[in-house]
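Inspection log for the structure reproduced underneath, given as structure tokens.
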Amino acid sequence: MESSSIARATNSCITGRRIRLSGVVQGVGFRPWVYRLASEEGISGRVRNDAAGVTIEAFGSTSALDRFLVRLRNERPGAAVITALQWRPAASAPPRGFEIAASRAESAPRPSIPADLAACPRCLDEVFDPRDRRYRYPFANCTVCGPRFTIVREVPYDRASTTMAAFAMCPECRHEYESVADRRFHAEPIACPRCGPRLSLLGAGGDEVKTDDPIQAAARALCRGLIVAVKGLGGFHLACDATNAAAVSRLRDRKRREEKPLAVMVRDIREAELIADLTVGERRLLASVERPIVLARRREGARLAGEVAPANPMVGVMLAYTPLHHLLLAQCARPLVMTSGNLSEEPIAYRNDEAHKRLRGVADLFVIHDREIVTRCDDSVVREVGELPVLMRRSRGYVPGAIAVRRGFSRPVLACGAQLKNTFCFGVAGEAYLGPHIGDLDNLETYASFEESIARMERFLGVVPEVVAHDLHPDYLSTRYALARRDVIHAGVQHHHAHIAACMADNEIDGPVIGVAFDGTGYGTDGNVWGGEFLLADYHGFERGAHLEYVAMPGGAAAIRHAWRMALAHLMAAGEPLSNELASVAAASDMERAVVAQQIRQGVNSPLTSSVGRLFDAVASLIGLRHHASYEAQGAMELEACAAEGEQGFYRFEISDAARPLVVSAGPVIRAIAADLRAGIAPKIIAARFHDSVVRMIVEVCSLIRRSSGVKRVALAGGVFQNARVLAGALRALVAAGFEVFRHIRVPPNDGGIALGQALVAEARLSEEHFDAVSRAGVEVRNGFDSKHPDSAPITDCPAKGSASVADRIRP
């Protein structure tokens with residue numbers, strides 16, 4: 001510290017303060033920033049990482065310490081996020097200067113590890129500067145960029161706790177690391193060509209390919225139409241030339257991904273604008289430090305192969321976020337498909353040996369390196385709706401950032417999520433920690449990844465869950481995992497209640513709300529498949545206020561893959577003849593139609609569903625868009641893309657209020673669509689009318705529930721609200737009708753966010769007075785429901801105090 005600074009500090013009485021900060025305050029250059037701040041204010045003392053965040057022991061005049069605290073609160077470096085700042089007087093003697101002290105591990109750690117950060121402009125300038133010692137070095141980073149979460153083994157976050165511990169710093173890197181004035185001061189992943197990780201190139205057979213420049217060799221292969229596996233931050237990508245139709249088709253065949261859109265990576269915003277029509281918000285998302293895949297409208301005449309996103313006007317585009325990606329794209333001078341390094345439905349490969357074993361036969365070359373990845377972490381996916389982001393997949397760039405929740409957790413909670421788009425959630429004190437995107441728990445590899453990720457986060461947090469929350473579906477692997485854990489309270493949470501609770505937590509509200517939960521599938525309390533639900537809910541429980549009328553799902557899961565089955569089911573429910581002039585009827589053979597009709601009439605292998613997602617599938621098939629789906633929600637996505645802009649027409653759902661819950665019939669809509677088809681109305685007009693009909697139905701039903709309950713808040717959740725037309729339309733119409741409306745922002749509206757809701761519901765129910773005396777070993781707790789309604793009969797093994805309906809609790 002400069003002598004002038006010390007002089008200022010000694011001009012008045014010296015006092016001390018011990019300051020504790022939590023949030024994202026490790027791995028983002030926070031301690032060097034504090035050092036410089038202390039120097040400017042004439043403060044002596046020390047700053048250190050600990051398991052809870054950062055601790056500062058600061059000594060100086062009262063006025064200097066006051067200024068120091070104000071600046072700590074109001075200023076911060078790049079990616080840092082301060083969620084709490086507390087201080088108390090410190091009685092120890094002041095040291096002579098200010099230092100960055102060694103980290104201290106303590107009990108009850110909380111991860112202060114930031115998510116992986118995109119390469120910063122200054123590091124990229126060095127990588128492309130022939131005069132710099134990091135010229136063309138693919139692992140350049142500093143205190144504000146580079147790998148973090150994916151290379152950490154333990155907390156607190158220090159080099160010794162990361163996979164960079166295997167690389168001893170050279171004298172030049174050591175000097176940068178220890179120099180306060182250097183931007184790499186205490187940059188834990190610091191490296192250079194002399195002392196850091198190195199690239200290698202392997203052939204399809206696993207033999208090393210001799211080359212002085214693996215990036216240049218890989219780029220040449222990509223330009224020749226080959227497929228290259230590239231090891232990134234959180235795992236491997238499969239890359240190919242996005243302008244080469246044959247290469248993209250070959251990748252699809254080998255990866256077993258028939259039609260689902262593939263992500264495209266480009267170098268910068270300028271190149272992104274050549275392939276997509278970007279809004280201001282989309283540009284901001286693309287350039288953010290999280291660097292997600294952003295769904296944007298594909299530019300007319302874009303230099304992209306149609307096979308990248310068949311039958312879809314949108315393109316998933318992302319900017320390069322590591323020096324390796326930047327170097328590869330600069331060498332190729334074209335956009336590259338950069339999709340997850342896996343076979344369809346498997347987790348992303350992240351270890352060298354695993355990648356070669358699993359991707360052999362897919363990739364022609366492998367670009368690998370010797371910096372180990374500890375935690376696999378797939379790319380995040382975002383789209384913009386109404387000038388705000390909708391997270392469709394929350395993973396790299398966002399995880400493990402904690403989500404502050406208004407309701408704290410009285411004991412550690414683990415919520416295991418759903419079967420599809422799985423993520424898990426740990427609730428600890430006032431924060432919720434969602435794990436990275438796991439995917440669909442449909443195979444052993446993905447399930448093993450699920451178990452490993454939970455164990456790793458449990459170790460990071462240093463907690464043992466006392467409560468384990470899960471979906472009510474008995475066959476979900478996440479449910480089976482939860483019930484297999486011993487010496488915990490098992491809390492079953494209904495799927496759509498969890499959706500609404502997640503939206504409430506995302507917006508830090510307590511309820512009650514009218515929860516509109518629209519999705520494809522969720523296990524209902526009556527044993528049927530729910531998915532078109534209006535719930536009067538708070539965290540403690542819910543009452544089913546209304547739902548879409550049940551129709552059959554002929555063939556069960558087969559009706560999800562073959563949308564013509566749902567179209568036939570809705571036609572029959574609406575009393576429409578199964579005539580061949582309708583595309584969905586013509587899509588099936590005479591035998592198939594006869595079998596499905598018999599299944600429906602006799603109720604054989606035809607579970608009942610209220611799903612709005614399945615209604616979207618049916619309409620997509622009815623208008624001839626999609627009869628067979630190769631990936632989840634394909635028909636719904638194509639229906640949204642097909643809908644004509646500016647169309648003002650709509651169809652009317654029928655709402656029966658003869659009993660409670662209200663029943664919403666899609667029969668009139670199906671009959672009107674069939675009539676329009678016979679009249680030759682264009683599919684894009686019908687698609688637009690259908691979307692607007694769903695919006696009008698939402699407003700009408702919410703208005704009826706408001707009239708009887710007095711509740712004016714609406715929470716929108718479930719996968720259907722990834723649909724921009726439905727979400728934007730519902731937001732506008734509900735606000736115009738006088739509602740206060742909440743939507744997801746920090747977590748996905750789909751099943752990727754459901755674990756957050758499970759955690760909050762479990763905490764709310766278990767915090768009730770009755771459970772204070774309940775033994776924790778082997779107890780099963782489920783939601784208590786209003787027994788007045790046959791479809792919401794109690795299934796509570798240990799009824800909670802206050803398990804009467806939400807409506808009873810909120811009415812005067």
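Note on naming: chains are A, B, ... as they come in the structure tokens, residues start from 1 per chain, ligands start from 1 in the order shown.
The protein and nucleic acid residues lying at most 10 Å from His356 (chain A) are A:Leu202, A:Gly203, A:Ala204, A:Gly205, A:Gly206, A:Ala229, A:Ala349, A:Arg351, A:Asn352, A:Asp353, A:Leu359, A:Arg360, A:Gly361, A:Val362, A:Ala363, A:Leu365, A:Phe366, A:Ile368, with only C-alpha atoms considered and sequence neighbours fewer than 3 positions away removed.
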Check which residues of region 505-527 of chain A sit at most 12 Å from region 427-432 of chain A using only C-alpha atoms, and return one row each with the closest pair of atoms and their distance in Å to one decimal, ordered by chain and rising number, as a tab-separated table.
```
residue	atom	partner	partner_atom	distance
A:Ala505	CA	A:Ala432	CA	9.7
A:Asp506	CA	A:Ala432	CA	10.4
A:Glu508	CA	A:Gly430	CA	11.6
```
Those residues you just picked out, can you put them in a file as a PDB file, in the first residue's frame with C-alpha atoms?
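The resulting file, selection_4.pdb, is shown below:
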```
ATOM      1  CA  ALA A 505     -40.431 -18.538  -6.365  1.00  0.00           C
ATOM      2  CA  ASP A 506     -38.938 -17.169  -9.580  1.00  0.00           C
ATOM      3  CA  GLU A 508     -40.403 -13.996  -5.136  1.00  0.00           C
TER       4      GLU A 508
END
```
So which residues of region 605-736 of chain A fall under alpha helix (DSSP H) by DSSP, listed as JSON, numbers by chain? {"A": [612, 613, 614, 615, 616, 617, 618, 619, 620, 621, 622, 634, 635, 636, 637, 638, 639, 640, 641, 642, 667, 668, 669, 670, 671, 672, 673, 674, 675, 676, 677, 678, 683, 684, 685, 686, 687, 688, 689, 690, 691, 692, 693, 694, 695, 696, 697, 698, 699, 700, 701, 702, 703, 704, 705, 706, 707, 708, 709, 724, 725, 726, 727, 728, 729, 730, 731, 732, 733, 734, 735, 736]}
For a quick check of understanding, using only C-alpha atoms, which of A:Arg220, A:Arg396, A:Arg184, A:Arg250 has the smallest distance to Ala118 (chain A)? A:Arg396
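Residues of region 116-193 of chain A that DSSP, applied to the backbone, places in strand (DSSP E or B): Leu117, Cys142, Cys145, Gly146, Val152 and Thr162 of chain A.
Closest approach to Ala558 (chain A) among A:Leu262, A:Ala629, A:Ala320, A:Val464 is made by A:Ala629 (distances from only C-alpha atoms).
Taking CA of Thr163 (chain A) and CA of Asn141 (chain A) as endpoints, the distance between them is 14.7 Å.
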Mind checking which residues fall within 8 Å of Arg358 (chain A), counting only C-alpha atoms, ignoring those fewer than 3 positions away in the same chain, and posting them as a PyMOL selection string? chain A and resi 342-343+349+354-355
Go through A:Arg267, A:His744, A:Arg696, A:Lys210 one by one, measure the shortest atom-to-atom distance of each to His326 (chain A) using only C-alpha atoms, and give the residue with the smallest value. A:Arg267
Name the residues in contact with region 235-240 of chain A at a cut-off of 7 Å, using only C-alpha atoms, excluding same-chain residues fewer than 2 positions from it; report them as an MDAnalysis selection string. chainID A and resid 222 225:233 242 247:248 336:341 348:350 376:378
